[in-house]
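Enquirer: My structure is below; once you've seen it, I'll send some questions.
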Amino acid sequence: MVTRNKTPDNEKLDRVVAEARRKREQREQGYREKALKMYPWVCGRCTREFTRANLQELTVHHRDHNHDNNPPDGSNWELLCVYCHDNEHSRYLDNAGTGAQPGTETSSSGTKHQPFADLKSLLNNRD
Ligand SMILES: [Zn+2]
Ligand SMILES: [Zn+2]
C-alpha cells in the first residue's frame, strides 16, 4: 500500500525556512550594495584597496555587531577585508566573554567553518 512519503507539515516547514533564508540573503545583499556605493573600496583597518576582481574579499562590518541595524546613512557600516573583519570579531568575542577562555567559541560551534584560518596564519607568519 502506498503511503505519503512526505507530510504536508514538513513541506511547509521547508518552505518557511527557505523563505526566511532567502529574505535574509536579500537583506544582506541590500546593505552590502549600499555600503559599497557609499564608501571607497578600501579596508578600514589595513587600508588595502579593492577592485571588482577581488571585491568578494571586502566585507561589510557592523560597528555595533548588530546585523539588523542598517541605518540608511551607513553610520553602522565599515568596510573591512576578510582578515581584518575576522580579527575584529575575535577581539569582540574575547572582550565580551564573561570569564570564557578565548577559543571556546570555535570549539562550541562545530559546524562553523573557518575558510580563512589558513590564510590568516600565513599572514601572521609574514610579520
Ligand atoms: Zn584589512
Ligand atoms: Zn562584522
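Identifiers in this document derive from the order of the C-alpha cells: chains are assigned A, B, ..., residues are numbered from 1 separately in each chain, and ligands are numbered from 1 in order of occurrence.
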Enumerate the residues of range 12-46 of chain A with a DSSP assignment of helix (DSSP H, G or I), computed from the backbone, and present them as a list in words.
Expert: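 Across range 12-46 of chain A, those assigned helix (DSSP H, G or I) are Lys12, Leu13, Asp14, Arg15, Val16, Val17, Ala18, Glu19, Ala20, Arg21, Arg22, Lys23, Arg24, Glu25, Gln26, Arg27, Glu28, Gln29, Gly30, Tyr31, Arg32, Glu33, Lys34, Ala35, Leu36, Lys37 and Met38 of chain A.
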Enquirer: Create the file for the chosen residues now, containing N, CA, C and O atoms and written as a CSV table (one decimal), in the first residue's frame.
Expert:
chain,number,residue,atom,x,y,z
A,12,LYS,N,5.8,22.4,4.4
A,12,LYS,CA,5.5,23.7,4.8
A,12,LYS,C,6.7,24.3,5.5
A,12,LYS,O,7.1,25.4,5.3
A,13,LEU,N,7.2,23.5,6.5
A,13,LEU,CA,8.4,24.0,7.2
A,13,LEU,C,9.6,24.3,6.3
A,13,LEU,O,10.2,25.3,6.5
A,14,ASP,N,9.8,23.4,5.4
A,14,ASP,CA,10.9,23.6,4.5
A,14,ASP,C,10.7,24.9,3.7
A,14,ASP,O,11.7,25.7,3.6
A,15,ARG,N,9.5,25.2,3.3
A,15,ARG,CA,9.3,26.4,2.6
A,15,ARG,C,9.5,27.6,3.4
A,15,ARG,O,10.1,28.6,3.0
A,16,VAL,N,9.0,27.6,4.7
A,16,VAL,CA,9.2,28.7,5.6
A,16,VAL,C,10.7,29.0,5.8
A,16,VAL,O,11.2,30.1,5.8
A,17,VAL,N,11.4,27.9,6.1
A,17,VAL,CA,12.9,28.0,6.3
A,17,VAL,C,13.6,28.6,5.1
A,17,VAL,O,14.4,29.5,5.2
A,18,ALA,N,13.2,28.1,3.9
A,18,ALA,CA,13.9,28.6,2.7
A,18,ALA,C,13.5,30.0,2.4
A,18,ALA,O,14.4,30.8,2.1
A,19,GLU,N,12.3,30.4,2.7
A,19,GLU,CA,11.9,31.8,2.5
A,19,GLU,C,12.6,32.7,3.5
A,19,GLU,O,13.1,33.8,3.1
A,20,ALA,N,12.8,32.3,4.7
A,20,ALA,CA,13.5,33.1,5.7
A,20,ALA,C,14.9,33.3,5.3
A,20,ALA,O,15.5,34.4,5.4
A,21,ARG,N,15.5,32.2,4.8
A,21,ARG,CA,16.9,32.3,4.4
A,21,ARG,C,17.1,33.2,3.2
A,21,ARG,O,18.0,34.1,3.1
A,22,ARG,N,16.1,33.1,2.2
A,22,ARG,CA,16.2,33.9,1.0
A,22,ARG,C,16.0,35.4,1.4
A,22,ARG,O,16.7,36.3,0.9
A,23,LYS,N,15.1,35.7,2.3
A,23,LYS,CA,14.9,37.1,2.7
A,23,LYS,C,16.2,37.7,3.4
A,23,LYS,O,16.5,38.8,3.2
A,24,ARG,N,16.8,36.8,4.2
A,24,ARG,CA,18.0,37.3,4.9
A,24,ARG,C,19.1,37.6,3.9
A,24,ARG,O,19.8,38.6,4.0
A,25,GLU,N,19.2,36.7,2.9
A,25,GLU,CA,20.3,36.9,1.9
A,25,GLU,C,20.0,38.1,1.1
A,25,GLU,O,20.9,38.9,0.8
A,26,GLN,N,18.7,38.4,0.8
A,26,GLN,CA,18.4,39.6,0.1
A,26,GLN,C,18.7,40.8,0.9
A,26,GLN,O,19.2,41.8,0.3
A,27,ARG,N,18.4,40.8,2.2
A,27,ARG,CA,18.7,41.9,3.0
A,27,ARG,C,20.2,42.2,3.1
A,27,ARG,O,20.7,43.3,3.0
A,28,GLU,N,21.0,41.1,3.3
A,28,GLU,CA,22.4,41.3,3.4
A,28,GLU,C,22.9,41.8,2.0
A,28,GLU,O,23.8,42.7,2.0
A,29,GLN,N,22.4,41.3,0.9
A,29,GLN,CA,22.8,41.8,-0.4
A,29,GLN,C,22.5,43.3,-0.5
A,29,GLN,O,23.3,44.1,-1.0
A,30,GLY,N,21.4,43.7,0.1
A,30,GLY,CA,20.9,45.1,0.0
A,30,GLY,C,21.9,46.0,0.7
A,30,GLY,O,22.3,47.0,0.2
A,31,TYR,N,22.2,45.7,2.0
A,31,TYR,CA,23.1,46.6,2.7
A,31,TYR,C,24.5,46.6,2.2
A,31,TYR,O,25.3,47.6,2.2
A,32,ARG,N,24.9,45.4,1.7
A,32,ARG,CA,26.3,45.3,1.1
A,32,ARG,C,26.4,46.3,-0.1
A,32,ARG,O,27.4,47.0,-0.2
A,33,GLU,N,25.4,46.2,-1.0
A,33,GLU,CA,25.5,47.0,-2.1
A,33,GLU,C,25.5,48.5,-1.8
A,33,GLU,O,26.2,49.3,-2.3
A,34,LYS,N,24.7,48.9,-0.8
A,34,LYS,CA,24.6,50.3,-0.4
A,34,LYS,C,25.9,50.7,0.2
A,34,LYS,O,26.4,51.8,-0.1
A,35,ALA,N,26.5,49.9,1.0
A,35,ALA,CA,27.8,50.2,1.7
A,35,ALA,C,28.9,50.4,0.7
A,35,ALA,O,29.7,51.3,0.8
A,36,LEU,N,28.9,49.5,-0.4
A,36,LEU,CA,29.9,49.6,-1.4
A,36,LEU,C,29.7,50.8,-2.3
A,36,LEU,O,30.7,51.3,-2.8
A,37,LYS,N,28.5,51.3,-2.4
A,37,LYS,CA,28.3,52.5,-3.1
A,37,LYS,C,28.7,53.7,-2.3
A,37,LYS,O,29.2,54.8,-2.8
A,38,MET,N,28.5,53.6,-1.0
A,38,MET,CA,28.7,54.8,-0.1
A,38,MET,C,30.2,55.0,0.2
A,38,MET,O,30.6,56.1,0.3
Enquirer: Within 8 Å of ligand 2, which residues of chain A show up? Give each one with its shortest atom-to-atom distance in Å (one decimal) and the two atoms involved, counting only C-alpha atoms and all ligand atoms, rows by chain then rising residue number, as CSV.
Expert:
residue,atom,partner,partner_atom_place_in_ligand_line,distance
A:Thr59,CA,ligand 2,1 (Zn),7.8
A:Val60,CA,ligand 2,1 (Zn),6.6
A:His61,CA,ligand 2,1 (Zn),3.6
A:His62,CA,ligand 2,1 (Zn),5.0
A:Arg63,CA,ligand 2,1 (Zn),7.0
A:His65,CA,ligand 2,1 (Zn),5.9
A:His85,CA,ligand 2,1 (Zn),5.8
A:Asp86,CA,ligand 2,1 (Zn),7.6
A:Glu88,CA,ligand 2,1 (Zn),7.0
A:His89,CA,ligand 2,1 (Zn),6.1
Enquirer: Restricting the output to N, CA, C and O atoms, write the selected residues as a short mmCIF file (atom, residue, chain, number, x, y, z; two decimals), in the first residue's frame.
Expert:
data_model
loop_
_atom_site.label_atom_id
_atom_site.label_comp_id
_atom_site.auth_asym_id
_atom_site.auth_seq_id
_atom_site.Cartn_x
_atom_site.Cartn_y
_atom_site.Cartn_z
N THR A 59 34.39 42.98 3.03
CA THR A 59 33.13 42.66 3.71
C THR A 59 32.57 43.90 4.40
O THR A 59 33.31 44.86 4.66
N VAL A 60 31.29 43.84 4.67
CA VAL A 60 30.64 44.94 5.39
C VAL A 60 30.53 44.55 6.86
O VAL A 60 29.86 43.58 7.21
N HIS A 61 31.23 45.29 7.69
CA HIS A 61 31.19 45.04 9.13
C HIS A 61 30.18 45.98 9.78
O HIS A 61 30.04 47.12 9.37
N HIS A 62 29.47 45.45 10.78
CA HIS A 62 28.54 46.28 11.55
C HIS A 62 29.24 46.73 12.83
O HIS A 62 29.65 45.91 13.64
N ARG A 63 29.39 48.05 12.98
CA ARG A 63 30.16 48.59 14.10
C ARG A 63 29.62 48.13 15.45
O ARG A 63 30.39 47.90 16.38
N HIS A 65 27.94 45.39 15.80
CA HIS A 65 27.83 43.94 15.67
C HIS A 65 26.37 43.49 15.59
O HIS A 65 26.07 42.32 15.84
N HIS A 85 38.30 41.83 9.27
CA HIS A 85 36.95 41.55 9.77
C HIS A 85 37.01 40.40 10.77
O HIS A 85 36.40 40.45 11.85
N ASP A 86 37.77 39.38 10.42
CA ASP A 86 37.92 38.23 11.30
C ASP A 86 38.54 38.65 12.62
O ASP A 86 38.07 38.28 13.70
N GLU A 88 38.53 41.61 13.95
CA GLU A 88 37.59 42.47 14.66
C GLU A 88 36.60 41.64 15.47
O GLU A 88 36.33 41.94 16.63
N HIS A 89 36.11 40.57 14.87
CA HIS A 89 35.12 39.76 15.56
C HIS A 89 35.73 38.92 16.66
O HIS A 89 35.12 38.73 17.70
#
Enquirer: Counting only C-alpha atoms and all ligand atoms, what are the residues, protein, DNA or RNA alike, that approach ligand 1 to within 10 Å? I want them as a list in words.
Expert: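 Going residue by residue within 10 Å of ligand 1, we get Val42, Cys43, Gly44, Arg45, Cys46, Thr47, Arg48, Glu49, Glu57, Leu58, Thr59, Leu79, Leu80, Cys81, Val82, Tyr83, Cys84, His85, Asp86, Asn87 and Glu88 of chain A.
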Enquirer: Compile the contact shell of Asp64 in chain A as a ChimeraX atom specification: residues with an atom at most 10 Å away, counting only C-alpha atoms, same-chain residues fewer than 4 positions apart removed.
Expert: /A:69,76-77
